[in-house]
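Here the structure comes first, spelled out in structure tokens, and everything after it is commentary.
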Amino acid sequence: MAIHDFASQRLMVDAPLAPGADIELDREQTNYLLNVLRLGDGAAILVFNGRDGEWRVHLVLTGRKSCRLRVDLQTRPQTPQSAIRYLFAPLKRARLDYMVQKAVELGAGHLQPVLTRRTIAERVNLDRMRANAVEAAEQCGVLSIPTIGDPLKFGDVVASWPADIPLVVCDEEAEVADPIAMLSRVAPGPGGSVAVLIGPEGGFDPAEREVLRAKPFTTAISLGPRIMRADTAAVAALSLVNAVLGDWR
């Protein structure tokens, strides 16, 4: 039997989920169910809220252009939030959308924009980031939506970083060429916490690189002989961390 039911439509809701509960929908969700999916009275879908697991519900028509959902039964219990934090220099719109979606699919539990000296896109649309995170979770069977932090300056992030949480820095100038060997030396923090930091297009400023290298909680890794775009590097780095330190083991 498949772990997830990918044949059914999934929808993120913000209401508590329990047997027999009614879920009121906003205008966008109602339009999606009735006009995009063209679901009728009694149609079954899956819902989740990031807290109560996944539930099967059925649609109840309340008018020609209105409906609500009634909760039937739980299909999967809630999974814990991932202990992997993903820190990144913001990218331009389309590439940031892609990166957020892939980070969610790869199990990041927290997304943190970091403003470095070479960051080009310093304005970050957090609502758009969340929408992309929700869409990725709906499509891929994810139950825990990552938290999203307000953009922080590089210096503030490093200065306030918890010393007991390893920070894996993706750096094309890292001396150790084997990232798996390097990651195997990392000891995750409380609850398996580990963070990944990827810099902007063009890499970290030399002064930023020196700051990172001086911190005892950082581990610099190379992503191989090729220079990747930042959104591609996100996929590569999170895959490596999951394989060595995360839930792929």
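Ordered as shown in the structure tokens, chains take letters A, B, and onward, while each chain numbers its residues from 1 and ligands are numbered from 1 in the order shown.
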- Message: List the spatial neighbours of Asp22 (chain A) as a ChimeraX atom specification - criterion: any atom at most 7 Å away, only C-alpha atoms, same-chain residues fewer than 2 positions off excluded.
- Response: /A:20,24,68-71
- Task: Could you give me, as a list in words, the residues within 7 Å of region 217-220 of chain A, counting only C-alpha atoms and dropping anything in the same chain fewer than 3 positions from it?
- Result: Ala163, Ile165, Pro166, Leu167, Val168, Val169, Cys170, Asp171, Ala174, Leu212 and Arg213 of chain A
If you keep C-alpha atoms, can you produce a file of those selected residues as a CSV table (one decimal), in the first residue's frame?
```
chain,number,residue,atom,x,y,z
A,163,ALA,CA,26.5,27.6,19.3
A,165,ILE,CA,23.4,24.0,16.2
A,166,PRO,CA,25.8,23.1,13.4
A,167,LEU,CA,25.7,25.5,10.4
A,168,VAL,CA,26.7,23.8,7.1
A,169,VAL,CA,28.0,26.5,4.7
A,170,CYS,CA,28.0,25.7,1.0
A,171,ASP,CA,31.2,27.3,-0.3
A,174,ALA,CA,35.9,24.9,0.8
A,212,LEU,CA,32.1,32.1,8.8
A,213,ARG,CA,35.4,30.2,8.9
```
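In this model, the gap between CA of Ala83 (chain A) and CA of Gly192 (chain A) comes to 5.9 Å.
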- Item | Selection: 12 Å around Arg64 (chain A), only C-alpha atoms, excl. self and same-chain fewer than 4 positions, as a count of residues only | 7
- Message: Calculated over only C-alpha atoms, which of the candidates A:Arg38, A:Arg93, A:Lys65, A:Arg229 has the smallest distance to Ile198 (chain A)?
- Response: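 Going through A:Arg38, A:Arg93, A:Lys65, A:Arg229 one by one, the smallest distance to Ile198 (chain A) is for A:Arg229.
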- Mind checking DSSP for region 71-149 of chain A and telling me the strand (DSSP E or B) residues as a VMD selection string? chain A and resid 71 to 76 84 to 88 110 to 115 147 to 148
Counting only C-alpha atoms, what are the residues of region 93-187 of chain A within 8 Å of region 3-10 of chain A, and for each of them which pair of atoms is the nearest and at what distance in Å, to one decimal? Sort the table by chain and rising number, as a Markdown table.
```
| residue | atom | partner | partner_atom | distance |
| --- | --- | --- | --- | --- |
| A:Glu138 | CA | A:Arg10 | CA | 5.4 |
| A:Gln139 | CA | A:Arg10 | CA | 7.1 |
| A:Cys140 | CA | A:Phe6 | CA | 8.0 |
| A:Gly141 | CA | A:His4 | CA | 6.4 |
```
Please produce a file of those selected residues containing C-alpha atoms, as a PDB file, in the first residue's frame.
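The resulting part-v4.pdb:
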```pdb
ATOM      1  CA  GLU A 138      -0.325  20.066  -0.924  1.00  0.00           C
ATOM      2  CA  GLN A 139       1.177  18.435  -3.989  1.00  0.00           C
ATOM      3  CA  CYS A 140       3.800  16.260  -2.276  1.00  0.00           C
ATOM      4  CA  GLY A 141       2.035  14.836   0.754  1.00  0.00           C
TER       5      GLY A 141
END
```
- Just the helix (DSSP H, G or I) stuff from region 49-117 of chain A, please, per backbone DSSP, written as a PyMOL selection string. chain A and resi 93-105
Put those residues in a file: C-alpha atoms, as an mmCIF file, in the first residue's frame.
```cif
data_model
loop_
_atom_site.group_PDB
_atom_site.id
_atom_site.type_symbol
_atom_site.label_atom_id
_atom_site.label_comp_id
_atom_site.auth_asym_id
_atom_site.auth_seq_id
_atom_site.Cartn_x
_atom_site.Cartn_y
_atom_site.Cartn_z
ATOM 1 C CA ARG A 93 10.988 35.986 -8.073
ATOM 2 C CA ALA A 94 10.692 32.846 -10.248
ATOM 3 C CA ARG A 95 13.869 31.265 -8.937
ATOM 4 C CA LEU A 96 12.902 31.994 -5.339
ATOM 5 C CA ASP A 97 9.541 30.302 -5.979
ATOM 6 C CA TYR A 98 11.336 27.205 -7.263
ATOM 7 C CA MET A 99 13.801 27.144 -4.386
ATOM 8 C CA VAL A 100 11.092 27.405 -1.734
ATOM 9 C CA GLN A 101 9.095 24.603 -3.316
ATOM 10 C CA LYS A 102 12.110 22.290 -3.495
ATOM 11 C CA ALA A 103 13.189 23.109 0.063
ATOM 12 C CA VAL A 104 9.735 22.076 1.304
ATOM 13 C CA GLU A 105 9.831 18.859 -0.739
#
```
- Message: Set the distance at 7 Å and use only C-alpha atoms: which residues neighbour Val244 (chain A) once local chain neighbours fewer than 2 positions away are removed? I'd like the list as a list in words.
- Response: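 These residues fall inside the cut-off: Ile180, Leu183, Ser184, Leu240, Val241, Asn242, Gly246 and Arg249 of chain A.
Every protein, DNA or RNA residue with an atom at most 10 Å from Arg130 (chain A), where only C-alpha atoms count and chain neighbours fewer than 5 positions away do not, is listed here: Asp97, Val100, Gln101, Leu111, Asn125, Glu135, Ala136, Ile145, Pro146, Thr147 and Ile148 of chain A.
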- Which is closer to Glu173 (chain A) than all the others in A:Met228, A:Ile221, A:Val57, A:Val142, using only C-alpha atoms?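 Looking at the shortest contact to Glu173 (chain A), the residue is A:Ile221.
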- Message: Give me, as a PyMOL selection string, all polymer residues having an atom no more than 6 Å from Phe88 (chain A), counting only C-alpha atoms and skipping those fewer than 3 positions away in the same chain.
- Response: chain A and resi 113-114+197-199
Write out the residues from the selection above, keeping N, CA and C atoms, as a short mmCIF file (atom, residue, chain, number, x, y, z; two decimals), in the first residue's frame.
```
data_model
loop_
_atom_site.label_atom_id
_atom_site.label_comp_id
_atom_site.auth_asym_id
_atom_site.auth_seq_id
_atom_site.Cartn_x
_atom_site.Cartn_y
_atom_site.Cartn_z
N PRO A 113 15.48 33.84 5.04
CA PRO A 113 16.22 34.70 4.12
C PRO A 113 17.33 35.45 4.86
N VAL A 114 18.51 35.49 4.24
CA VAL A 114 19.67 36.16 4.83
C VAL A 114 20.22 37.17 3.82
N LEU A 197 23.40 26.84 4.95
CA LEU A 197 23.46 28.22 4.47
C LEU A 197 24.03 28.25 3.06
N ILE A 198 23.29 28.88 2.14
CA ILE A 198 23.75 29.06 0.77
C ILE A 198 23.77 30.55 0.46
N GLY A 199 24.88 31.00 -0.10
CA GLY A 199 25.06 32.42 -0.36
C GLY A 199 24.39 32.89 -1.64
#
```
